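So this one's final02.cif, mmCIF, C-alpha atoms:
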data_start
loop_
_atom_site.group_PDB
_atom_site.id
_atom_site.type_symbol
_atom_site.label_atom_id
_atom_site.label_comp_id
_atom_site.auth_asym_id
_atom_site.auth_seq_id
_atom_site.Cartn_x
_atom_site.Cartn_y
_atom_site.Cartn_z
ATOM 1 C CA MET N 54 124.667 112.004 61.053
ATOM 2 C CA THR N 55 126.713 113.243 64.034
ATOM 3 C CA TYR N 56 126.172 112.627 67.783
ATOM 4 C CA LYS N 57 127.837 114.303 70.700
ATOM 5 C CA ALA N 58 129.152 111.679 73.138
ATOM 6 C CA SER N 59 128.428 113.639 76.301
ATOM 7 C CA ALA N 60 127.507 117.123 77.348
ATOM 8 C CA HIS N 61 129.485 116.652 80.572
ATOM 9 C CA SER N 62 132.879 115.802 79.105
ATOM 10 C CA GLU N 63 135.204 117.161 76.512
ATOM 11 C CA ALA N 64 134.367 114.401 74.078
ATOM 12 C CA THR N 65 134.604 115.263 70.447
ATOM 13 C CA LEU N 66 131.972 114.871 67.832
ATOM 14 C CA PHE N 67 132.127 111.603 65.974
ATOM 15 C CA PRO N 68 130.398 110.448 62.822
ATOM 16 C CA LEU N 69 128.239 107.307 62.972
ATOM 17 C CA ASP N 70 127.169 107.327 59.344
ATOM 18 C CA GLY N 71 130.119 105.202 58.267
ATOM 19 C CA LEU N 72 129.498 102.596 60.961
ATOM 20 C CA LEU N 73 125.774 102.355 60.368
ATOM 21 C CA ASN N 74 126.201 101.919 56.618
ATOM 22 C CA HIS N 75 128.523 98.968 57.123
ATOM 23 C CA GLY N 76 126.137 97.045 59.409
ATOM 24 C CA ALA N 77 128.161 97.625 62.585
ATOM 25 C CA VAL N 78 126.413 97.437 65.959
ATOM 26 C CA VAL N 79 126.597 100.622 67.976
ATOM 27 C CA HIS N 80 125.779 100.394 71.706
ATOM 28 C CA MET N 81 124.466 103.541 73.262
ATOM 29 C CA LEU N 82 125.251 103.535 76.972
ATOM 30 C CA ALA N 83 123.607 105.648 79.643
ATOM 31 C CA HIS N 84 125.641 108.509 80.961
ATOM 32 C CA SER N 85 127.339 107.930 84.315
ATOM 33 C CA ASP N 86 125.133 110.645 85.831
ATOM 34 C CA ALA N 87 121.971 108.792 84.772
ATOM 35 C CA SER N 88 119.915 107.530 87.690
ATOM 36 C CA PRO N 89 119.729 103.746 88.059
ATOM 37 C CA ARG N 90 116.386 102.007 87.685
ATOM 38 C CA ARG N 91 114.486 101.874 90.904
ATOM 39 C CA GLU N 92 112.896 98.658 92.043
ATOM 40 C CA GLU N 93 109.142 98.709 92.126
ATOM 41 C CA PRO N 94 107.791 98.390 95.652
ATOM 42 C CA LYS N 95 106.483 94.920 96.384
ATOM 43 C CA ALA N 96 102.735 94.690 96.340
ATOM 44 C CA ARG N 97 101.237 93.924 99.712
ATOM 45 C CA SER N 98 98.783 91.038 99.917
ATOM 46 C CA TYR N 99 96.041 90.534 102.478
ATOM 47 C CA TRP N 100 94.950 87.255 104.021
ATOM 48 C CA LEU N 101 92.049 85.914 106.032
ATOM 49 C CA ALA N 102 93.106 83.110 108.368
ATOM 50 C CA VAL N 103 90.698 80.880 110.268
ATOM 51 C CA ALA N 104 91.283 79.437 113.746
ATOM 52 C CA CYS N 105 89.410 79.169 117.012
ATOM 53 C CA ALA N 106 89.636 82.229 119.253
ATOM 54 C CA ALA N 107 91.648 80.413 121.945
ATOM 55 C CA HIS N 108 94.436 79.613 119.455
ATOM 56 C CA VAL N 109 94.390 83.124 117.979
ATOM 57 C CA ARG N 110 94.583 84.709 121.442
ATOM 58 C CA TYR N 111 97.618 82.574 122.279
ATOM 59 C CA GLY N 112 99.310 83.575 119.003
ATOM 60 C CA ARG N 113 98.555 87.270 119.601
ATOM 61 C CA ALA N 114 100.022 87.092 123.086
ATOM 62 C CA HIS N 115 103.241 85.568 121.704
ATOM 63 C CA GLY N 116 103.505 87.522 118.418
ATOM 64 C CA PHE N 117 102.979 84.750 115.869
ATOM 65 C CA MET N 118 100.415 83.112 113.610
ATOM 66 C CA GLN N 119 99.922 79.588 112.399
ATOM 67 C CA VAL N 120 97.302 78.044 110.140
ATOM 68 C CA ASN N 121 95.971 74.633 109.146
ATOM 69 C CA HIS N 122 97.145 72.941 112.342
ATOM 70 C CA GLY N 123 100.735 74.135 111.852
ATOM 71 C CA LYS N 124 101.317 73.299 108.182
ATOM 72 C CA GLN N 125 104.194 75.122 106.496
ATOM 73 C CA GLY N 126 102.804 75.340 102.935
ATOM 74 C CA PRO N 127 100.175 78.047 103.468
ATOM 75 C CA LEU N 128 102.612 80.187 105.466
ATOM 76 C CA LYS N 129 105.036 80.240 102.528
ATOM 77 C CA ARG N 130 102.427 82.146 100.490
ATOM 78 C CA ILE N 131 102.498 84.997 102.995
ATOM 79 C CA LYS N 132 105.251 87.607 102.587
ATOM 80 C CA PRO N 133 106.728 90.117 105.036
ATOM 81 C CA GLY N 134 104.536 93.207 105.186
ATOM 82 C CA ASP N 135 101.352 91.360 104.216
ATOM 83 C CA GLY N 136 98.226 92.043 106.243
ATOM 84 C CA VAL N 137 96.534 89.210 108.150
ATOM 85 C CA VAL N 138 93.065 89.070 109.693
ATOM 86 C CA TYR N 139 91.876 86.154 111.816
ATOM 87 C CA TYR N 140 88.285 84.986 111.812
ATOM 88 C CA SER N 141 87.228 82.640 114.613
ATOM 89 C CA PRO N 142 84.026 80.645 114.151
ATOM 90 C CA SER N 143 84.224 79.398 117.764
ATOM 91 C CA VAL N 144 86.034 80.076 121.028
ATOM 92 C CA ALA N 145 87.470 76.553 121.352
ATOM 93 C CA MET N 146 88.407 74.213 118.515
ATOM 94 C CA GLY N 147 85.467 72.060 117.443
ATOM 95 C CA ASP N 148 82.841 73.898 119.510
ATOM 96 C CA LYS N 149 79.589 75.047 117.932
ATOM 97 C CA ASP N 150 79.186 78.095 120.177
ATOM 98 C CA GLY N 151 78.357 80.650 117.443
ATOM 99 C CA PHE N 152 81.263 82.964 118.370
ATOM 100 C CA LYS N 153 81.846 84.057 114.703
ATOM 101 C CA SER N 154 84.168 87.042 115.236
ATOM 102 C CA PHE N 155 87.262 88.708 113.877
ATOM 103 C CA THR N 156 89.856 88.097 116.566
ATOM 104 C CA ALA N 157 93.127 89.615 115.314
ATOM 105 C CA ILE N 158 94.581 91.911 112.684
ATOM 106 C CA GLY N 159 98.232 92.678 111.999
ATOM 107 C CA TYR N 160 101.198 92.723 109.628
ATOM 108 C CA VAL N 161 103.681 89.925 108.955
ATOM 109 C CA ARG N 162 107.242 90.585 110.134
ATOM 110 C CA ASP N 163 110.399 89.857 108.157
ATOM 111 C CA GLY N 164 111.556 86.271 108.256
ATOM 112 C CA GLU N 165 110.527 82.852 107.046
ATOM 113 C CA PRO N 166 108.178 80.280 108.592
ATOM 114 C CA TYR N 167 109.805 78.458 111.486
ATOM 115 C CA GLN N 168 108.914 75.534 113.715
ATOM 116 C CA GLY N 169 107.558 76.201 117.180
ATOM 117 C CA GLU N 170 106.797 73.838 120.043
ATOM 118 C CA MET N 171 103.223 72.931 120.872
ATOM 119 C CA ALA N 172 101.765 70.575 123.444
ATOM 120 C CA CYS N 173 100.950 68.103 120.666
ATOM 121 C CA GLY N 174 104.217 68.458 118.722
ATOM 122 C CA LYS N 175 105.745 71.018 116.374
ATOM 123 C CA ALA N 176 103.977 73.529 114.159
ATOM 124 C CA TYR N 177 105.125 76.097 111.614
ATOM 125 C CA ARG N 178 104.615 79.745 112.511
ATOM 126 C CA ARG N 179 105.258 83.251 111.200
ATOM 127 C CA ASP N 180 105.941 86.294 113.339
ATOM 128 C CA VAL N 181 103.304 89.031 113.183
ATOM 129 C CA ASP N 182 102.990 92.529 114.629
ATOM 130 C CA TRP N 183 99.438 92.353 115.971
ATOM 131 C CA LEU N 184 97.448 95.543 116.446
ATOM 132 C CA ASP N 185 95.959 96.042 119.894
ATOM 133 C CA VAL N 186 92.286 95.850 118.930
ATOM 134 C CA PRO N 187 89.145 94.297 120.396
ATOM 135 C CA GLU N 188 87.445 91.258 118.890
ATOM 136 C CA GLN N 189 84.564 92.123 116.564
ATOM 137 C CA PRO N 190 81.524 89.949 115.746
ATOM 138 C CA ILE N 191 81.117 89.476 112.007
ATOM 139 C CA ARG N 192 77.313 89.725 111.898
ATOM 140 C CA PRO N 193 77.068 93.586 111.942
ATOM 141 C CA LEU N 194 79.707 93.777 109.183
ATOM 142 C CA LEU N 195 78.273 91.269 106.694
ATOM 143 C CA ASP N 196 76.715 93.928 104.450
ATOM 144 C CA TRP N 197 79.877 96.056 104.509
ATOM 145 C CA LEU N 198 82.493 93.497 103.461
ATOM 146 C CA ASP N 199 83.108 92.594 99.818
ATOM 147 C CA PHE N 200 84.239 89.141 100.982
ATOM 148 C CA THR N 201 80.794 88.272 102.361
ATOM 149 C CA GLN N 202 78.758 89.404 99.345
ATOM 150 C CA ASP N 203 78.942 85.955 97.759
ATOM 151 C CA LYS N 204 76.244 83.817 99.391
ATOM 152 C CA ASN N 205 78.744 80.935 99.819
ATOM 153 C CA TRP N 206 81.506 83.044 101.414
ATOM 154 C CA GLY N 207 81.758 80.736 104.433
ATOM 155 C CA TYR N 208 82.565 77.760 102.214
ATOM 156 C CA ARG N 209 85.927 79.325 101.255
ATOM 157 C CA LEU N 210 86.972 79.464 104.915
ATOM 158 C CA ARG N 211 87.435 75.693 105.078
ATOM 159 C CA PHE N 212 90.891 76.167 103.500
ATOM 160 C CA GLY N 213 92.124 77.947 106.645
ATOM 161 C CA LEU N 214 93.935 80.729 104.744
ATOM 162 C CA VAL N 215 92.408 82.636 101.837
ATOM 163 C CA PRO N 216 93.257 85.852 99.974
ATOM 164 C CA PHE N 217 91.429 88.859 101.378
ATOM 165 C CA GLY N 218 90.750 92.161 99.613
ATOM 166 C CA GLU N 219 92.676 95.307 100.472
ATOM 167 C CA SER N 220 89.471 97.322 100.896
ATOM 168 C CA ASP N 221 88.055 94.740 103.330
ATOM 169 C CA PHE N 222 91.330 94.694 105.286
ATOM 170 C CA GLU N 223 91.423 98.494 105.532
ATOM 171 C CA PHE N 224 87.746 98.590 106.526
ATOM 172 C CA LEU N 225 88.296 96.012 109.287
ATOM 173 C CA GLN N 226 91.393 97.817 110.522
ATOM 174 C CA GLU N 227 89.397 101.033 110.659
ATOM 175 C CA ILE N 228 86.484 99.307 112.424
ATOM 176 C CA LEU N 229 88.691 97.557 114.961
ATOM 177 C CA THR N 230 90.677 100.685 115.795
ATOM 178 C CA SER N 231 87.711 103.052 116.136
ATOM 179 C CA GLU N 232 84.031 103.140 116.910
ATOM 180 C CA LEU N 233 81.811 101.174 114.532
ATOM 181 C CA GLU N 234 79.121 103.843 114.170
ATOM 182 C CA GLU N 235 81.661 106.583 113.428
ATOM 183 C CA VAL N 236 83.164 104.495 110.635
ATOM 184 C CA ARG N 237 79.781 103.666 109.131
ATOM 185 C CA LEU N 238 78.822 107.354 109.056
ATOM 186 C CA ARG N 239 82.148 108.343 107.445
ATOM 187 C CA ARG N 240 81.799 105.643 104.794
ATOM 188 C CA LEU N 241 78.221 106.624 103.996
ATOM 189 C CA ARG N 242 79.260 110.265 103.526
ATOM 190 C CA ALA N 243 82.145 109.329 101.211
#
Taking this structure as input, can you express it in the form of structure tokens?
Amino acid sequence: MTYKASAHSEATLFPLDGLLNHGAVVHMLAHSDASPRREEPKARSYWLAVACAAHVRYGRAHGFMQVNHGKQGPLKRIKPGDGVVYYSPSVAMGDKDGFKSFTAIGYVRDGEPYQGEMACGKAYRRDVDWLDVPEQPIRPLLDWLDFTQDKNWGYRLRFGLVPFGESDFEFLQEILTSELEEVRLRRLRA
């Protein structure tokens, strides 16, 4: 059996039969013109964070997010480019005012969690590019979100940061950046 070493050089033909019969190992290398393997793009994840509206509004105004009263652990799960949506059950922490709205949506910037100063001490934060969108009550969207189809969906929110589906994130982004009725009509036609 004979193989040509390269079509792009003046290499000669060489026989491999003798080598293969003697148990020798022959390494076939890619040609220098061969394209290198490309890295697969990193998959984007989507997250639903929970905090009172007052805290979310402060974070939006200053371009950051924090969860679970400033704990670092949950923020390490979030990667640059991930999408984040905030849900606020109340306006102020601990109130039972029935606010129940989506209060922010954006994408995590490059960088790692860092400590920021708060009135009550230090808290870990991540920088986020927040979209300029209005707050949206959750009630009219309950039937449209996959996340809320489980009857115990609110129970998961006690963790402060939970994975969120890409379709729900895209739907909320579309809702928050356009008119609700227009989006519903488009989705029903699709």
What is the distance between CA of Gly174 in chain N and CA of Lys124 in chain N, in Å to one decimal? 12.0 Å
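Between Trp183 in chain N and the residues N:Tyr111, N:Phe224, N:Tyr160, N:Phe155, the shortest atom-to-atom distance, using all atoms listed in the file, involves N:Tyr160.
Pairwise distance (CA of Lys175 in chain N, CA of Lys149 in chain N) equals 26.5 Å.
For the structure in this document, the set picked by the PyMOL selection byres ((chain N and resi 137-141) around 6) is Tyr99, Trp100, Leu101, Ala102, Val103, Ala104, Cys105, Ala106, Gly136, Pro142, Ser143, Lys153, Ser154, Phe155, Thr156, Ala157, Ile158 and Gly159 of chain N.
In this structure, CA of His122 in chain N sits 10.1 Å away from CA of Arg178 in chain N.
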In the coordinate frame of the file, compute which residues have an atom within 10 Å of (80.0, 96.3, 107.2) when using all atoms listed in the file, and state them as a ChimeraX atom specification. /N:191-199,201,221,224-225,228,233,236-237,240
So what does the PyMOL selection byres ((chain N and resi 177) around 8) actually pick up in this one, as an MDAnalysis selection string? chainID N and resid 119 123:125 128 166:169 175:176 178:179
Same residues, C-alpha atoms, output as a short mmCIF file (atom, residue, chain, number, x, y, z; two decimals), in the frame of the given file:
data_model
loop_
_atom_site.label_atom_id
_atom_site.label_comp_id
_atom_site.auth_asym_id
_atom_site.auth_seq_id
_atom_site.Cartn_x
_atom_site.Cartn_y
_atom_site.Cartn_z
CA GLN N 119 99.92 79.59 112.40
CA GLY N 123 100.74 74.14 111.85
CA LYS N 124 101.32 73.30 108.18
CA GLN N 125 104.19 75.12 106.50
CA LEU N 128 102.61 80.19 105.47
CA PRO N 166 108.18 80.28 108.59
CA TYR N 167 109.80 78.46 111.49
CA GLN N 168 108.91 75.53 113.72
CA GLY N 169 107.56 76.20 117.18
CA LYS N 175 105.74 71.02 116.37
CA ALA N 176 103.98 73.53 114.16
CA ARG N 178 104.62 79.74 112.51
CA ARG N 179 105.26 83.25 111.20
#
Polymer residues at most 7 Å from Thr230 in chain N, only C-alpha atoms, same-chain spacing of 3 or more positions, as a PDB file with C-alpha atoms, keeping the file's coordinate frame:
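To be explicit, this is the file written out as out-v3.pdb:
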ATOM      1  CA  VAL N 186      92.286  95.850 118.930  1.00  0.00           C
ATOM      2  CA  GLN N 226      91.393  97.817 110.522  1.00  0.00           C
ATOM      3  CA  GLU N 227      89.397 101.033 110.659  1.00  0.00           C
TER       4      GLU N 227
END
Hey, what's within 8 Å of Gly134 in chain N if we count all atoms listed in the file and toss same-chain stuff fewer than 6 positions away? As a list in words, please? Arg97, Tyr160, Val161, Arg162 and Asp163 of chain N
Result set of the PyMOL selection byres ((chain N and resi 117) around 8) on the coordinates above, as an MDAnalysis selection string: chainID N and resid 112:113 115:116 118:119 178:182
How about saving the chosen residues, C-alpha atoms kept, as a compact mmCIF listing (two decimals), keeping the file's coordinate frame?
# COMPACT_ATOMS: atom_id res chain seq x y z
CA GLY N 112 99.31 83.58 119.00
CA ARG N 113 98.56 87.27 119.60
CA HIS N 115 103.24 85.57 121.70
CA GLY N 116 103.50 87.52 118.42
CA MET N 118 100.42 83.11 113.61
CA GLN N 119 99.92 79.59 112.40
CA ARG N 178 104.62 79.74 112.51
CA ARG N 179 105.26 83.25 111.20
CA ASP N 180 105.94 86.29 113.34
CA VAL N 181 103.30 89.03 113.18
CA ASP N 182 102.99 92.53 114.63
For Gly151 in chain N, which of N:Pro190, N:Asp185, N:Cys173, N:Leu214 is the closest residue, counting all atoms listed in the file? N:Pro190
Quick one: what's the axis-aligned box for range 143-146 of chain N, all listed atoms, 6 Å on every side, centre and edges in Å to one decimal, as lines of an AutoDock Vina configuration file?
center_x = 86.3
center_y = 77.1
center_z = 119.6
size_x = 16.2
size_y = 17.9
size_z = 15.6
